[in-house]
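This report refers to the structure that appears directly beneath it.
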Amino acid sequence: MQRISNYINGALQSPIKSLYLDNYNPATGAVYSLIPDSDEADVDLAYTHASEAYKTWRLTSLEERFMVLNRIAELIDKNNDELALAESIDQGKPLWLAKNEMTRSAQNFRFFATAAMQFASESHNMEGQAINYTLRQPIGVVGCISPWNLPLYLFTWKIAPALAAGNCVVAKPSEITPMTAFLLSRICMEAGLPAGVLNIVHGLGPKVGSALVSHPKIKAISFTGGTSTGKHIASVAAPMFKKLSLELGGKNPNIIFADCDFEKALKTTVQTSFLNQGEICLCGSRIFIERPIYEKFKAALLLEVSKLQVGNPLLKESRIGAIVSKMHFEKVLSYIELAKQEGGSILTGGTSLKIEDHENGWFIAPTIIENLAYDCRCNTEEIFGPVVSIMPFDSADEVLEMANSTDYGLACTIWTQDISKAHNMAANIQSGIVWINCWLLRDLRTPFGGVKQSGVGREGGWEAMRFFTEPKNVCIKL
Ligand code: NAD
């Protein structure tokens with residue numbers, strides 16, 4: 001059985017204690033590879049090499065950084081098929097979707113390679129008295145921790161800006177989906193990334209992740225994952241005065257006004273609800289539909305969803321693949337049971353599915369629930385699966401109150417042809433990201449992140465470059 005390795009000091013390495021964890025294929029429910037069960041000692045080793053490499057990397061010219069990061073992007077593109085296949089097997093997502101994500105992972109490196117070349121320090125002139133300039137220096141060795149839903153995409157979304165800004169990195173991908181991060185190690189070796197600049201340590205969150213967060217010399221942590229993990233990380237890192245970026249959970253509203261472009265809202269709502277089995281932090285799991293079109297939209301949505309094929313992620317006709325792990329599969333199903341107890345009516349789905357030749361895989365039918373109170377647990381807690389709730393509303397004020405009623409505030413989608421209403425809603429919705437008449441349209445320069453319990457800080461563009469640097473002001477008296 002394939003054993004994946006840590007990537008430390010530019011080489012593939014076994015974990016120090018030679019312990020391994022099972023890695024499952026969610027579409028078959030079977031173990032198909034082994035991943036290092038690393039611990040504090042492996043993190044410490046990675047840190048030692050990263051801090052050594054930092055002495056050179058921080059002084060490496062921008063052109064050189066640009067070129068090596070670009071080479072990584074090129075190699076990700078060149079190996080798109082192999083990476084996408086690995087991602088689909090490891091995560092359960094359809095292969096066609098994994099291919100898009102691999103392209104986007106390459107774009108992360110390309111985008112931040114270019115950012116490194118453009119990022120500049122600021123200067124503030126005090127007329128006749130003094131001149132200030134602000135150096136933006138790399139932090140040193142930083143830690144990056146990523147989740148299982150968009151494995152390589154979210155991993156590279158952190159690593160690329162960290163490296164572009166001149167830091168060295170110790171990174172931990174999710175133990176549930178480690179495979180593409182492992183393949184990235186090989187790509188970094190082929191691209192000629194100097195040894196120790198990026199180190200990837202595989203293993204469990206409470207062991208490897210925790211060792212990264214509590215490491216006294218790792219000065220910044222960029223984390224994407226669940227809100228409760230984020231809360232724990234903050235409680236450890238804050239008293240150590242570490243810089244923290246937390247991208248956490250969501251319970252995003254998808255608000256459909258009666259004056260929307262019906263067909264576009266409908267087609268996109270199928271995506272916002274069920275793309276990647278609903279396992280995207282930006283999915284719209286609470287669908288608010290203005291009453292005059294409620295019944296019509298509901299019927300049309302049910303018809304569209306009935307056409308979605310759930311199946312083997314490797315088949316091109318499968319629109320929905322497998323749920324990432326048995327634990328998550330059971331969690332999603334338990335929320336469907338809870339919805340019934342909370343008075344919800346299951347309009348479609350609501351069960352696990354047995355797929356031919358994949359009977360032990362973790363598949364759940366796309367599920368639409370009606371009649372749930374907007375403030376019940378199913379409508380306020382993150383389910384993170386192919387489960388949405390639909391609710392009617394009568395006015396913009398009412399829907400704003402319902403949409404803002406959760407502890408989360410990551411993203412929101414609004415469908416209306418009325419430009420004033422759109423602006424008003426965007427200004428008053430409590431979320432870090434608002435999409436109007438679209439969803440998941442991403443410009444990598446824009447700030448990305450959430451408010452309330454969806455996170456602290458922003459990623460993307462200059463926000464990421466600023467996070468991964470320390471500003472130092474130098475004031476010169478004239
Ligand atoms: P998770 O919090 O369980 O794990 C995320 C990562 O943290 C994993 O690598 C895990 O091993 C590690 N980890 C776990 N315990 C840790 C600890 N004590 N110390 C340090 N690291 C630890 O999240 P998940 O289940 O992998 O991912 C799903 C969650 O991620 C959802 O809540 C989703 O909304 C969120 N998410 C947010 C965004 C965003 O941009 N806001 C993007 C994707 C996913």
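How things are named: the first chain in the structure tokens is A, the next is B, and so on; residues count from 1 in each chain; ligands count from 1 in the order shown.
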> Can you tell me which residues sit at most 8 Å away from ligand 1, counting only C-alpha atoms and all ligand atoms, written as a PyMOL selection string?
Replying inline: chain A and resi 145-150+154+172-176+203-213+223-230+232-233+246-250+279-282+382+384+410+448-450+454-455
> Can you tell me, as a list in words, what residues are no more than 7 Å from segment 395-403 of chain A when counting only C-alpha atoms, ignoring any on the same chain fewer than 4 positions away?
Replying inline: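 Here the qualifying residues turn out to be Pro253, Tyr374 and Ile429 of chain A.
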Give me a file of those residues, with all heavy atoms, as a short mmCIF file (atom, residue, chain, number, x, y, z; two decimals), in the first residue's frame.
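Result file is again18.cif:
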data_model
loop_
_atom_site.label_atom_id
_atom_site.label_comp_id
_atom_site.auth_asym_id
_atom_site.auth_seq_id
_atom_site.Cartn_x
_atom_site.Cartn_y
_atom_site.Cartn_z
N PRO A 253 -26.43 32.69 3.72
CA PRO A 253 -27.75 32.88 3.12
C PRO A 253 -27.66 33.07 1.61
O PRO A 253 -26.73 33.70 1.10
CB PRO A 253 -28.25 34.16 3.80
CG PRO A 253 -27.02 34.91 4.21
CD PRO A 253 -25.92 33.90 4.39
N TYR A 374 -36.38 29.77 11.07
CA TYR A 374 -35.09 30.33 10.64
C TYR A 374 -34.03 30.27 11.74
O TYR A 374 -32.84 30.28 11.47
CB TYR A 374 -35.26 31.78 10.14
CG TYR A 374 -35.44 32.80 11.22
CD1 TYR A 374 -34.33 33.47 11.74
CD2 TYR A 374 -36.69 33.12 11.74
CE1 TYR A 374 -34.48 34.41 12.75
CE2 TYR A 374 -36.85 34.05 12.73
CZ TYR A 374 -35.74 34.69 13.24
OH TYR A 374 -35.87 35.61 14.24
N ILE A 429 -25.95 43.41 5.14
CA ILE A 429 -25.78 42.00 5.46
C ILE A 429 -24.49 41.83 6.28
O ILE A 429 -23.50 42.53 6.03
CB ILE A 429 -25.77 41.13 4.18
CG1 ILE A 429 -26.08 39.69 4.50
CG2 ILE A 429 -24.45 41.22 3.43
CD1 ILE A 429 -27.53 39.39 4.52
#
>> At a cut-off of 12 Å, using only C-alpha atoms, what residues contact segment 420-422 of chain A? Leave out same-chain residues fewer than 4 positions from it and give the result as a list in words.
In response: Ile255, Ile256, Phe257, Ala258, Asp259, Cys260, Ser395, Ala396, Asp397, Leu400, Cys412, Thr413, Ile414, Trp415, Thr416, Ala426, Ala427, Asn428, Ile429, Val434, Trp435, Ile436 and Asn437 of chain A
Those same residues - C-alpha atoms - I'd like them written as a CSV table (one decimal), in the first residue's frame.
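Saved result, again-v7.csv, follows:
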chain,number,residue,atom,x,y,z
A,255,ILE,CA,-31.5,35.4,-0.9
A,256,ILE,CA,-33.8,35.3,-3.9
A,257,PHE,CA,-36.0,38.3,-4.6
A,258,ALA,CA,-39.1,38.0,-6.8
A,259,ASP,CA,-37.6,40.4,-9.3
A,260,CYS,CA,-34.5,38.2,-9.9
A,395,SER,CA,-39.7,42.0,2.8
A,396,ALA,CA,-36.1,43.1,2.6
A,397,ASP,CA,-36.1,44.0,6.3
A,400,LEU,CA,-32.1,40.8,6.6
A,412,CYS,CA,-24.0,35.8,1.1
A,413,THR,CA,-25.6,35.6,-2.4
A,414,ILE,CA,-28.4,38.1,-3.4
A,415,TRP,CA,-30.6,37.8,-6.5
A,416,THR,CA,-32.4,40.9,-7.6
A,426,ALA,CA,-25.0,44.3,0.5
A,427,ALA,CA,-24.4,47.2,2.9
A,428,ASN,CA,-26.5,45.7,5.7
A,429,ILE,CA,-25.8,42.0,5.5
A,434,VAL,CA,-21.4,39.4,-0.9
A,435,TRP,CA,-22.2,38.1,-4.4
A,436,ILE,CA,-24.9,39.8,-6.3
A,437,ASN,CA,-26.5,37.9,-9.2
> How many Å lie between atom CA of Ile89 of chain A and atom CA of Ile320 of chain A, rounded to one decimal?
Replying inline: 13.4 Å
>> Could you go through segment 154-298 of chain A and tell me which residues DSSP, when run on the backbone, assigns to strand (DSSP E or B), listing them as a PyMOL selection string?
In response: chain A and resi 168-172+198-200+220-224+243-247+252-256+284-290
Same residues, N, CA, C and O atoms, saved as a short mmCIF file (atom, residue, chain, number, x, y, z; two decimals), in the first residue's frame:
data_model
loop_
_atom_site.label_atom_id
_atom_site.label_comp_id
_atom_site.auth_asym_id
_atom_site.auth_seq_id
_atom_site.Cartn_x
_atom_site.Cartn_y
_atom_site.Cartn_z
N CYS A 168 9.60 31.32 5.42
CA CYS A 168 9.67 29.87 5.25
C CYS A 168 8.47 29.28 5.98
O CYS A 168 7.94 29.90 6.91
N VAL A 169 8.05 28.11 5.54
CA VAL A 169 6.75 27.59 5.98
C VAL A 169 6.87 26.17 6.53
O VAL A 169 7.57 25.34 5.95
N VAL A 170 6.16 25.93 7.63
CA VAL A 170 5.86 24.55 8.03
C VAL A 170 4.35 24.42 7.87
O VAL A 170 3.59 25.16 8.48
N ALA A 171 3.94 23.50 7.00
CA ALA A 171 2.53 23.41 6.66
C ALA A 171 1.96 22.05 7.02
O ALA A 171 2.65 21.03 6.94
N LYS A 172 0.66 22.08 7.39
CA LYS A 172 -0.02 20.82 7.70
C LYS A 172 -1.34 20.74 6.93
O LYS A 172 -2.27 21.49 7.21
N LEU A 198 9.92 25.27 2.18
CA LEU A 198 8.58 24.76 2.49
C LEU A 198 8.74 23.36 3.09
O LEU A 198 9.45 22.53 2.53
N ASN A 199 8.10 23.13 4.21
CA ASN A 199 8.11 21.81 4.85
C ASN A 199 6.67 21.39 5.08
O ASN A 199 5.86 22.20 5.54
N ILE A 200 6.37 20.13 4.75
CA ILE A 200 4.99 19.66 4.90
C ILE A 200 5.01 18.48 5.88
O ILE A 200 5.66 17.46 5.62
N ALA A 220 3.61 33.08 13.25
CA ALA A 220 2.29 33.40 12.69
C ALA A 220 1.63 32.09 12.27
O ALA A 220 2.30 31.17 11.82
N ILE A 221 0.32 32.06 12.42
CA ILE A 221 -0.45 30.87 12.02
C ILE A 221 -1.57 31.33 11.09
O ILE A 221 -2.36 32.21 11.43
N SER A 222 -1.61 30.72 9.91
CA SER A 222 -2.73 30.94 9.01
C SER A 222 -3.53 29.65 9.00
O SER A 222 -3.04 28.59 8.62
N PHE A 223 -4.77 29.75 9.46
CA PHE A 223 -5.59 28.55 9.66
C PHE A 223 -6.90 28.66 8.88
O PHE A 223 -7.57 29.70 8.93
N THR A 224 -7.28 27.60 8.20
CA THR A 224 -8.63 27.48 7.65
C THR A 224 -9.21 26.17 8.15
O THR A 224 -8.57 25.12 8.03
N LYS A 243 0.77 36.22 15.35
CA LYS A 243 -0.13 36.75 14.34
C LYS A 243 -1.06 35.62 13.91
O LYS A 243 -0.59 34.49 13.69
N LEU A 244 -2.34 35.90 13.77
CA LEU A 244 -3.31 34.84 13.47
C LEU A 244 -4.24 35.24 12.34
O LEU A 244 -4.80 36.34 12.35
N SER A 245 -4.41 34.36 11.40
CA SER A 245 -5.46 34.55 10.39
C SER A 245 -6.36 33.32 10.50
O SER A 245 -5.89 32.19 10.42
N LEU A 246 -7.65 33.55 10.74
CA LEU A 246 -8.57 32.44 10.95
C LEU A 246 -9.70 32.51 9.93
O LEU A 246 -10.47 33.48 9.91
N GLU A 247 -9.77 31.52 9.06
CA GLU A 247 -10.87 31.42 8.09
C GLU A 247 -11.72 30.24 8.53
O GLU A 247 -11.29 29.09 8.44
N ASN A 252 -24.22 30.23 5.15
CA ASN A 252 -24.45 31.38 4.28
C ASN A 252 -25.87 31.48 3.73
O ASN A 252 -26.43 30.47 3.27
N PRO A 253 -26.43 32.69 3.72
CA PRO A 253 -27.75 32.88 3.12
C PRO A 253 -27.66 33.07 1.61
O PRO A 253 -26.73 33.70 1.10
N ASN A 254 -28.64 32.51 0.92
CA ASN A 254 -28.80 32.72 -0.52
C ASN A 254 -30.19 33.36 -0.66
O ASN A 254 -31.20 32.69 -0.44
N ILE A 255 -30.23 34.66 -0.98
CA ILE A 255 -31.48 35.43 -0.90
C ILE A 255 -32.02 35.70 -2.30
O ILE A 255 -31.34 36.35 -3.12
N ILE A 256 -33.21 35.21 -2.55
CA ILE A 256 -33.76 35.29 -3.91
C ILE A 256 -35.01 36.17 -3.92
O ILE A 256 -36.06 35.78 -3.39
N GLY A 284 -24.37 28.15 -0.12
CA GLY A 284 -25.52 28.82 0.49
C GLY A 284 -26.49 27.79 1.01
O GLY A 284 -27.29 27.24 0.26
N SER A 285 -26.42 27.52 2.31
CA SER A 285 -27.24 26.43 2.85
C SER A 285 -28.61 26.91 3.34
O SER A 285 -29.48 26.11 3.63
N ARG A 286 -28.77 28.23 3.46
CA ARG A 286 -30.09 28.77 3.85
C ARG A 286 -30.63 29.55 2.65
O ARG A 286 -30.09 30.60 2.30
N ILE A 287 -31.67 29.03 2.04
CA ILE A 287 -32.20 29.68 0.83
C ILE A 287 -33.49 30.42 1.20
O ILE A 287 -34.48 29.81 1.60
N PHE A 288 -33.44 31.75 1.08
CA PHE A 288 -34.62 32.58 1.38
C PHE A 288 -35.23 33.00 0.04
O PHE A 288 -34.55 33.60 -0.80
N ILE A 289 -36.52 32.69 -0.14
CA ILE A 289 -37.17 32.97 -1.43
C ILE A 289 -38.36 33.91 -1.19
O ILE A 289 -39.21 33.61 -0.32
N GLU A 290 -38.42 35.00 -1.93
CA GLU A 290 -39.52 35.96 -1.70
C GLU A 290 -40.85 35.29 -2.04
O GLU A 290 -40.96 34.59 -3.06
#
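Between Ser38 of chain A and the residues A:Thr268, A:Asn132, A:Asn23, A:Ser18, the shortest atom-to-atom distance, using only C-alpha atoms, involves A:Ser18.
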>> Which residue is closest to Phe109 of chain A? Choose from A:Pro366, A:Pro161, A:Pro178, A:Gly10 and count only C-alpha atoms.
In response: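 Checking each candidate against Phe109 of chain A, we get A:Pro161 as the closest.
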> Looking only at the backbone, which of the residues in segment 210-430 of chain A does DSSP tag as alpha helix (DSSP H), as an NGL selection string?
Replying inline: :A and (210-214 or 227-237 or 262-274 or 291-306 or 326-341 or 377-380 or 396-403 or 419-428)
> Hey, can you check how far atom CA of Leu135 of chain A sits from atom CA of Thr156 of chain A?
Replying inline: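 For atom CA of Leu135 of chain A relative to atom CA of Thr156 of chain A, the distance reads 25.5 Å.
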> Can you tell me how far atom CA of Ala299 of chain A sits from atom CA of Ile336 of chain A, in Å to one decimal?
Replying inline: 20.7 Å
Spatial neighbours of Gln2 of chain A, max dist 8 Å, only C-alpha atoms, sep filter under 2 positions, as an mmCIF file with N, CA, C and O atoms, in the first residue's frame:
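The file below, part.cif, is the result:
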data_model
loop_
_atom_site.group_PDB
_atom_site.id
_atom_site.type_symbol
_atom_site.label_atom_id
_atom_site.label_comp_id
_atom_site.auth_asym_id
_atom_site.auth_seq_id
_atom_site.Cartn_x
_atom_site.Cartn_y
_atom_site.Cartn_z
ATOM 1 N N ILE A 4 2.610 7.705 2.107
ATOM 2 C CA ILE A 4 3.077 9.039 1.755
ATOM 3 C C ILE A 4 4.069 9.521 2.822
ATOM 4 O O ILE A 4 4.136 8.955 3.912
ATOM 5 N N TYR A 32 -6.790 3.113 1.386
ATOM 6 C CA TYR A 32 -6.009 2.909 0.162
ATOM 7 C C TYR A 32 -4.581 3.437 0.254
ATOM 8 O O TYR A 32 -3.770 3.209 -0.637
ATOM 9 N N SER A 33 -4.257 4.140 1.350
ATOM 10 C CA SER A 33 -2.871 4.580 1.524
ATOM 11 C C SER A 33 -2.651 4.882 3.006
ATOM 12 O O SER A 33 -3.597 4.886 3.796
ATOM 13 N N LEU A 34 -1.393 5.110 3.328
ATOM 14 C CA LEU A 34 -1.030 5.386 4.724
ATOM 15 C C LEU A 34 -0.366 6.750 4.797
ATOM 16 O O LEU A 34 0.415 7.113 3.902
#
>> Applying 10 Å and only C-alpha atoms, which residues near Glu263 of chain A remain after dropping the ones on its own chain fewer than 6 positions away? List them as a VMD selection string.
In response: chain A and resid 269 297 300
Please produce a file of the residues just selected, as a PDB file, in the first residue's frame, where the atoms kept are C-alpha atoms.
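The resulting file, part.pdb, is reproduced below:
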ATOM      1  CA  THR A 269     -28.717  27.930  -6.624  1.00  0.00           C
ATOM      2  CA  PHE A 297     -38.954  28.486  -7.437  1.00  0.00           C
ATOM      3  CA  ALA A 300     -38.209  24.380 -10.392  1.00  0.00           C
TER       4      ALA A 300
END
